[in-house]
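Student: Quick one, model.cif (mmCIF, C-alpha atoms and all ligand atoms):
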```
data_model
loop_
_atom_site.label_atom_id
_atom_site.label_comp_id
_atom_site.auth_asym_id
_atom_site.auth_seq_id
_atom_site.Cartn_x
_atom_site.Cartn_y
_atom_site.Cartn_z
CA MET A 1 150.32 157.56 103.23
CA LYS A 2 149.77 154.38 101.20
CA LEU A 3 146.79 152.48 102.56
CA ALA A 4 146.21 148.77 102.05
CA ALA A 5 143.22 146.60 102.93
CA ASN A 6 143.84 143.21 104.47
CA VAL A 7 141.16 141.32 102.55
CA THR A 8 141.39 138.32 104.86
CA PHE A 9 139.80 140.59 107.50
CA LEU A 10 137.97 143.27 105.49
CA PHE A 11 135.24 143.00 102.86
CA LYS A 12 134.01 139.64 104.09
CA GLU A 13 130.64 140.66 102.64
CA TYR A 14 132.08 139.59 99.27
CA PRO A 15 133.38 136.25 97.94
CA PHE A 16 137.12 136.14 98.54
CA LEU A 17 138.42 137.11 95.10
CA GLU A 18 135.87 139.93 94.75
CA ARG A 19 137.25 141.60 97.88
CA ILE A 20 140.23 142.88 95.86
CA GLN A 21 138.01 145.03 93.62
CA ALA A 22 135.95 146.09 96.64
CA ALA A 23 139.16 147.39 98.26
CA ALA A 24 140.00 149.38 95.12
CA ASP A 25 136.47 150.82 94.96
CA ALA A 26 136.74 151.89 98.61
CA GLY A 27 139.88 153.90 97.88
CA PHE A 28 142.65 151.57 99.08
CA ASP A 29 145.98 151.63 97.24
CA GLY A 30 146.89 147.98 97.78
CA VAL A 31 145.78 144.75 99.41
CA GLU A 32 147.30 142.14 101.67
CA ILE A 33 146.20 138.53 102.02
CA LEU A 34 147.24 136.49 105.05
CA PHE A 35 147.17 133.13 103.31
CA PRO A 36 146.57 133.29 99.54
CA TYR A 37 147.39 129.64 99.00
CA ASP A 38 143.81 128.33 98.73
CA ASP A 39 143.35 130.09 95.39
CA PRO A 40 145.46 129.60 92.26
CA ALA A 41 148.06 132.36 91.95
CA PRO A 42 146.95 133.25 88.37
CA ASP A 43 143.39 133.93 89.59
CA ILE A 44 144.62 136.26 92.32
CA LEU A 45 147.01 137.96 89.92
CA ARG A 46 144.22 138.59 87.41
CA ARG A 47 142.05 140.19 90.10
CA LEU A 48 144.93 142.38 91.23
CA GLN A 49 145.61 143.49 87.67
CA ILE A 50 141.95 144.28 86.96
CA ALA A 51 141.69 146.25 90.20
CA GLY A 52 145.03 147.92 89.54
CA LEU A 53 146.30 147.20 93.05
CA PRO A 54 149.65 145.79 94.21
CA LEU A 55 149.85 142.90 96.66
CA VAL A 56 151.50 144.33 99.76
CA LEU A 57 151.95 141.32 102.03
CA ILE A 58 151.42 137.58 102.39
CA ASN A 59 152.18 135.28 105.32
CA ALA A 60 154.36 132.19 105.35
CA PRO A 61 154.03 129.25 105.68
CA PRO A 62 151.32 128.30 103.17
CA PRO A 63 148.83 126.17 105.11
CA ASN A 64 145.75 127.92 106.25
CA TYR A 65 146.57 127.40 109.91
CA THR A 66 143.05 127.20 111.29
CA GLY A 67 143.41 124.85 114.20
CA GLY A 68 147.05 124.14 113.37
CA GLN A 69 150.53 125.56 113.78
CA ARG A 70 151.19 129.29 113.51
CA GLY A 71 154.32 128.84 111.46
CA PHE A 72 157.54 127.01 112.13
CA ALA A 73 160.40 129.50 111.96
CA ALA A 74 161.18 129.28 115.70
CA VAL A 75 160.28 125.64 116.25
CA PRO A 76 163.35 123.47 116.95
CA GLY A 77 163.33 120.26 114.91
CA LEU A 78 161.09 121.66 112.15
CA GLU A 79 163.83 123.45 110.19
CA GLU A 80 163.29 121.21 107.15
CA ARG A 81 159.59 121.96 107.18
CA PHE A 82 160.23 125.69 107.45
CA ARG A 83 162.68 125.65 104.55
CA ARG A 84 160.43 123.55 102.32
CA ASP A 85 157.47 125.83 103.00
CA PHE A 86 159.56 128.92 102.38
CA ALA A 87 160.58 127.61 98.96
CA ARG A 88 156.90 127.17 98.11
CA VAL A 89 156.12 130.70 99.31
CA LEU A 90 158.85 132.07 97.06
CA ARG A 91 157.24 130.35 94.08
CA TYR A 92 153.98 132.14 94.92
CA ALA A 93 155.86 135.37 95.46
CA GLU A 94 157.43 135.15 92.00
CA ARG A 95 153.94 135.24 90.50
CA LEU A 96 152.24 137.67 92.87
CA THR A 97 155.22 139.91 93.77
CA PRO A 98 154.15 140.80 97.32
CA GLN A 99 156.17 143.65 98.73
CA HIS A 100 156.61 141.82 102.06
CA ILE A 101 156.48 138.24 103.28
CA HIS A 102 155.64 137.80 106.96
CA LEU A 103 157.50 134.79 108.39
CA MET A 104 155.53 133.28 111.23
CA ALA A 105 157.48 132.05 114.27
CA GLY A 106 155.19 129.28 115.54
CA THR A 107 154.59 127.88 118.99
CA ALA A 108 157.82 127.48 120.95
CA GLU A 109 159.74 128.95 123.88
CA GLY A 110 163.19 129.28 125.38
CA PRO A 111 166.75 129.78 124.14
CA GLU A 112 166.64 126.91 121.66
CA ALA A 113 163.61 128.45 119.94
CA ARG A 114 165.35 131.83 119.84
CA ALA A 115 168.45 130.28 118.22
CA THR A 116 166.31 128.34 115.73
CA PHE A 117 164.38 131.47 114.80
CA ILE A 118 167.58 133.44 114.21
CA ASP A 119 169.15 130.64 112.12
CA ASN A 120 166.03 130.17 110.00
CA LEU A 121 165.64 133.91 109.44
CA LYS A 122 169.29 134.25 108.42
CA TRP A 123 168.81 131.37 106.00
CA ALA A 124 165.58 132.83 104.55
CA ALA A 125 167.04 136.33 104.20
CA ALA A 126 170.01 134.89 102.30
CA GLN A 127 167.76 132.77 100.06
CA ALA A 128 165.75 135.78 98.92
CA PRO A 129 167.98 138.86 99.17
CA GLY A 130 165.65 140.90 96.97
CA GLN A 131 162.54 140.10 98.98
CA SER A 132 161.49 142.12 102.04
CA LEU A 133 160.74 139.82 104.98
CA THR A 134 158.99 140.73 108.23
CA ILE A 135 158.36 139.29 111.68
CA GLU A 136 155.39 140.37 113.80
CA PRO A 137 154.80 140.07 117.56
CA LEU A 138 151.34 138.63 118.26
CA ASN A 139 149.64 139.10 121.61
CA PRO A 140 149.49 135.97 123.79
CA GLY A 141 145.74 136.25 124.38
CA ASP A 142 145.06 135.65 120.67
CA MET A 143 148.02 133.33 120.06
CA PRO A 144 148.81 131.41 123.25
CA GLY A 145 152.33 129.99 123.19
CA TYR A 146 153.39 131.91 120.06
CA PHE A 147 157.13 132.48 120.33
CA LEU A 148 157.22 136.10 119.13
CA ASN A 149 154.99 137.77 121.72
CA ASP A 150 156.92 140.95 122.47
CA TYR A 151 158.33 143.94 120.53
CA ASP A 152 161.64 144.11 122.43
CA LEU A 153 162.19 140.44 121.61
CA ALA A 154 161.43 141.12 117.93
CA ALA A 155 163.95 143.98 117.92
CA GLU A 156 166.62 141.72 119.48
CA ILE A 157 165.96 139.02 116.88
CA ILE A 158 166.10 141.47 113.96
CA ASP A 159 169.39 142.87 115.25
CA ALA A 160 170.83 139.37 115.78
CA VAL A 161 169.88 138.33 112.23
CA GLY A 162 171.35 141.56 110.86
CA ALA A 163 169.91 141.17 107.35
CA PRO A 164 168.96 144.30 105.41
CA ASN A 165 165.85 142.58 104.01
CA LEU A 166 164.37 141.68 107.44
CA GLY A 167 162.25 144.22 109.33
CA LEU A 168 159.54 144.62 111.94
CA GLN A 169 155.83 144.31 111.21
CA TYR A 170 154.15 146.65 113.68
CA ASP A 171 150.43 146.26 114.42
CA THR A 172 148.64 148.84 116.60
CA TYR A 173 146.22 146.22 117.89
CA HIS A 174 148.95 143.85 119.06
CA ALA A 175 151.16 146.68 120.37
CA GLN A 176 148.31 148.08 122.46
CA THR A 177 147.32 144.64 123.72
CA ILE A 178 150.87 143.56 124.56
CA ALA A 179 152.21 146.79 126.04
CA GLY A 180 149.12 148.87 126.87
CA ASP A 181 150.39 151.80 124.77
CA ALA A 182 150.64 151.39 121.00
CA LEU A 183 152.14 154.86 120.56
CA ALA A 184 154.96 154.21 123.04
CA VAL A 185 155.80 150.97 121.21
CA TRP A 186 155.83 152.88 117.92
CA ARG A 187 158.18 155.53 119.33
CA ARG A 188 160.55 152.87 120.70
CA HIS A 189 160.70 150.70 117.59
CA ALA A 190 159.86 152.93 114.60
CA PRO A 191 163.35 152.70 113.05
CA ARG A 192 162.97 148.94 112.61
CA VAL A 193 159.41 149.06 111.24
CA ARG A 194 159.04 147.80 107.68
CA HIS A 195 155.26 147.42 107.60
CA VAL A 196 152.36 148.86 109.65
CA GLN A 197 148.97 147.32 110.32
CA VAL A 198 146.17 149.15 112.10
CA GLY A 199 143.32 147.92 114.22
CA ASP A 200 141.91 149.35 117.44
CA ALA A 201 141.99 147.74 120.87
CA PRO A 202 140.25 146.28 122.69
CA GLY A 203 138.21 144.27 120.23
CA ARG A 204 140.39 144.45 117.12
CA CYS A 205 137.89 146.84 115.54
CA GLU A 206 138.32 149.75 113.10
CA PRO A 207 140.41 152.74 114.24
CA GLY A 208 138.22 154.99 116.36
CA ALA A 209 136.02 152.21 117.73
CA GLY A 210 138.41 151.32 120.58
CA GLY A 211 140.79 153.11 122.91
CA ILE A 212 143.87 153.93 120.79
CA ASP A 213 144.49 157.62 120.03
CA PHE A 214 144.81 157.26 116.23
CA ALA A 215 145.10 161.00 115.60
CA ALA A 216 148.27 160.98 117.71
CA PHE A 217 149.44 157.71 116.16
CA PHE A 218 149.08 158.84 112.53
CA ALA A 219 150.74 162.16 113.42
CA ALA A 220 153.67 160.27 114.96
CA VAL A 221 153.97 158.02 111.91
CA ALA A 222 153.96 161.03 109.57
CA ALA A 223 156.54 162.84 111.72
CA SER A 224 158.81 159.77 111.77
CA GLY A 225 159.27 159.85 108.00
CA TYR A 226 157.90 156.29 107.64
CA ASP A 227 157.07 155.88 103.96
CA GLY A 228 155.84 152.26 103.89
CA TRP A 229 152.35 150.84 103.80
CA ILE A 230 149.64 151.16 106.43
CA SER A 231 147.32 148.23 106.22
CA ALA A 232 143.83 147.94 107.67
CA GLU A 233 143.69 144.68 109.61
CA TYR A 234 140.67 144.49 111.89
CA ASN A 235 137.17 143.11 112.18
CA PRO A 236 134.78 145.91 111.17
CA THR A 237 132.00 146.48 113.69
CA ALA A 238 129.48 146.87 110.82
CA GLU A 239 129.71 146.61 107.01
CA THR A 240 133.28 147.21 105.89
CA GLU A 241 132.47 150.32 103.83
CA ALA A 242 130.55 151.83 106.74
CA CYS A 243 133.63 151.54 108.97
CA LEU A 244 136.18 153.44 106.90
CA GLY A 245 135.66 156.86 108.51
CA TRP A 246 139.20 156.73 109.91
CA MET A 247 140.58 156.98 106.34
CA ARG A 248 139.10 160.47 106.00
CA ASP A 249 141.57 161.76 108.55
CA ILE A 250 144.50 160.56 106.47
CA ASN A 251 145.67 162.33 103.33
CA GLY A 252 142.33 164.18 103.21
CA ARG A 253 140.71 161.09 101.72
CA THR A 254 137.00 161.26 101.04
CA THR A 255 136.12 157.56 101.19
O1 LIG B 1 148.10 140.53 113.30
C1 LIG B 1 147.82 139.44 112.79
O2 LIG B 1 147.08 138.65 113.34
C2 LIG B 1 148.34 139.16 111.40
O3 LIG B 1 149.09 140.23 110.94
C3 LIG B 1 149.04 137.91 111.22
O4 LIG B 1 149.89 137.83 110.38
C4 LIG B 1 148.69 136.71 112.01
O5 LIG B 1 148.53 135.67 111.15
MG MG B 2 148.93 142.03 112.16
#
```
Produce structure tokens that represent the structure in this file.
Ligand SMILES: O=C(O)[C@@H](O)C(=O)CO
Ligand SMILES: [Mg+2]
Tutor:
Amino acid sequence: MKLAANVTFLFKEYPFLERIQAAADAGFDGVEILFPYDDPAPDILRRLQIAGLPLVLINAPPPNYTGGQRGFAAVPGLEERFRRDFARVLRYAERLTPQHIHLMAGTAEGPEARATFIDNLKWAAAQAPGQSLTIEPLNPGDMPGYFLNDYDLAAEIIDAVGAPNLGLQYDTYHAQTIAGDALAVWRRHAPRVRHVQVGDAPGRCEPGAGGIDFAAFFAAVAASGYDGWISAEYNPTAETEACLGWMRDINGRTT
């Protein structure tokens, strides 16, 4: 399995750009960055090249959304904003070549939001046919009012868009928090999954520190034939390097 470190969450012991090398030193095969837009793309690219790691995923839209909107893709009336932001993300993506771009839905509800989301996703998928795009359900406790708060809804949206370059971003932490059983959500939706993120629940901690049966989960992922990335996206309960024991159970890693 290919393992990535989400360096927005992990390796916070280091200045941001140094986290990329720290991920390589810890044995990860790639990194993801939720919002890379605060640093110049050439600086990030140089760090990736030195570390020898690919960039697996970035989020859109660009603003660091602390205290602000969680995207715009499903927000009626903000179509122009979504499209302008997406164009900027594609310029970043040309430089950094992330494997996936996660398109954030934003705060909205109801049939109009659903229709807006589908239209915007169809538009984005057509704009960038060679770029893999994802959508990710986020649990309502962490993201109150976020439109995409359920895996069945995400599956419906993906099917309605019907674009080969749009898939599901599955996160064990959100799946467990939303549905109470991350493994059952995996089994139901595995065929649509384009990208996997892992974190335990409750507490969004490292695998093994919460209640999810990760031995069963990783076995199910391996049995499914999934060959994409598995990205570590959680808040370590101690120093990042001290919380990587779960990697030893995968691929016989010795980190
Ligand atoms: O699970 C999460 O919180 C992230 O993957 C994300 O993209 C939210 O910004
Ligand atoms: Mg996630």
Student: Please provide as a ChimeraX atom specification all residues within 12 Å of Gly130 (chain A), with the sequence filter that same-chain residues fewer than 2 positions apart are discarded (counting all atoms listed in the file).
Tutor: /A:90,93-94,97-101,124-128,132-133,163-166
Student: To check your reading of the model: which residues sit at most 7 Å from ligand MG 2 (chain B) when counting only C-alpha atoms and all ligand atoms? Write the answer as a compact mmCIF listing (two decimals) with C-alpha atoms, keeping the file's coordinate frame.
Tutor:
```txt
# COMPACT_ATOMS: atom_id res chain seq x y z
CA GLU A 136 155.39 140.37 113.80
CA ASP A 171 150.43 146.26 114.42
CA GLN A 197 148.97 147.32 110.32
CA GLU A 233 143.69 144.68 109.61
```
Student: Determine, for each residue of chain A having at least one atom at most 8 Å from an atom of ligand LIG 1 (chain B), the closest pair of atoms and their separation in Å to one decimal, counting only C-alpha atoms and all ligand atoms; order by chain and ascending number, as JSON lines.
Tutor:
```
{"residue": "A:Leu34", "atom": "CA", "partner": "B:LIG1", "partner_atom": "O4", "distance": 6.1}
{"residue": "A:Asn59", "atom": "CA", "partner": "B:LIG1", "partner_atom": "O4", "distance": 6.1}
{"residue": "A:Arg70", "atom": "CA", "partner": "B:LIG1", "partner_atom": "O5", "distance": 7.3}
{"residue": "A:His102", "atom": "CA", "partner": "B:LIG1", "partner_atom": "O4", "distance": 6.7}
{"residue": "A:Met104", "atom": "CA", "partner": "B:LIG1", "partner_atom": "O4", "distance": 7.3}
{"residue": "A:Glu136", "atom": "CA", "partner": "B:LIG1", "partner_atom": "O3", "distance": 6.9}
{"residue": "A:Pro137", "atom": "CA", "partner": "B:LIG1", "partner_atom": "O1", "distance": 8.0}
{"residue": "A:Leu138", "atom": "CA", "partner": "B:LIG1", "partner_atom": "O1", "distance": 6.2}
{"residue": "A:Gln169", "atom": "CA", "partner": "B:LIG1", "partner_atom": "O3", "distance": 7.9}
{"residue": "A:Asp171", "atom": "CA", "partner": "B:LIG1", "partner_atom": "O1", "distance": 6.3}
{"residue": "A:Tyr173", "atom": "CA", "partner": "B:LIG1", "partner_atom": "O1", "distance": 7.5}
{"residue": "A:His174", "atom": "CA", "partner": "B:LIG1", "partner_atom": "O1", "distance": 6.7}
{"residue": "A:Gln197", "atom": "CA", "partner": "B:LIG1", "partner_atom": "O3", "distance": 7.1}
{"residue": "A:Glu233", "atom": "CA", "partner": "B:LIG1", "partner_atom": "O1", "distance": 7.1}
```
Student: What's the 8 Å shell around region 217-221 of chain A, counting all atoms listed in the file, without same-chain residues fewer than 6 positions away, as a list in words?
Tutor: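 Once the nearby chain positions are removed, what remains is Leu183, Arg187 and Ile250 of chain A.
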Student: For a quick check of understanding, using all atoms listed in the file, which of A:Phe16, A:Phe35, A:Tyr151, A:Tyr92 has the smallest distance to Gly167 (chain A)?
Tutor: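 Closest candidate: A:Tyr151.
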Student: For the atom pair CA of Tyr14 (chain A) and CA of Asp142 (chain A), what is the interatomic distance in Å to one decimal place?
Tutor: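 Here the two named atoms are 25.3 Å from each other.
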Student: Any idea what's packed within 12 Å of Gln49 (chain A), counting all atoms listed in the file, ignoring anything in its chain fewer than 4 positions away? Could you give it as a PyMOL selection string?
Tutor: chain A and resi 20-21+24+30-31+42-45+53-55+96-97
Student: Considering all atoms listed in the file, can you say which of A:Pro40, A:Gly77, A:Pro111, A:Gly162 comes closest to Arg91 (chain A)?
Tutor: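 Among A:Pro40, A:Gly77, A:Pro111, A:Gly162, it is A:Pro40 that comes nearest to Arg91 (chain A).
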Student: Closest to Cys205 (chain A) among A:Leu244, A:Val56, A:Tyr234, A:Asp150, using all atoms listed in the file?
Tutor: A:Tyr234
Student: Between CA of Arg84 (chain A) and CA of Ile158 (chain A), what is the distance, to one decimal in Å?
Tutor: 22.1 Å
Student: Which residue, A:Ala209, A:Ala216, A:Ile135, A:Ala115, has the smallest gap to Asp181 (chain A) when you use only C-alpha atoms?
Tutor: A:Ala216
Student: Which value, in Å to one decimal, gives the distance between CA of Ala215 (chain A) and CA of Asp227 (chain A)?
Tutor: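 It comes out at 17.5 Å.
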Student: Pick out the closest residue to Phe72 (chain A) from this set: A:Asp85, A:Glu112, A:Asp39, A:Asp159. Count all atoms listed in the file.
Tutor: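 Of the candidates, the smallest distance to Phe72 (chain A) is held by A:Asp85.
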Student: List the residues sitting within 8 Å of (147.3, 146.8, 120.0) in the file's frame, using all atoms listed in the file, as a VMD selection string.
Tutor: chain A and resid 171 to 182 199 to 202 204 212
Student: Nearest to Met1 (chain A) among A:Ala190, A:Ala223, A:Ala238, A:Ala60, with distances taken over all atoms listed in the file: which residue is it?
Tutor: A:Ala223
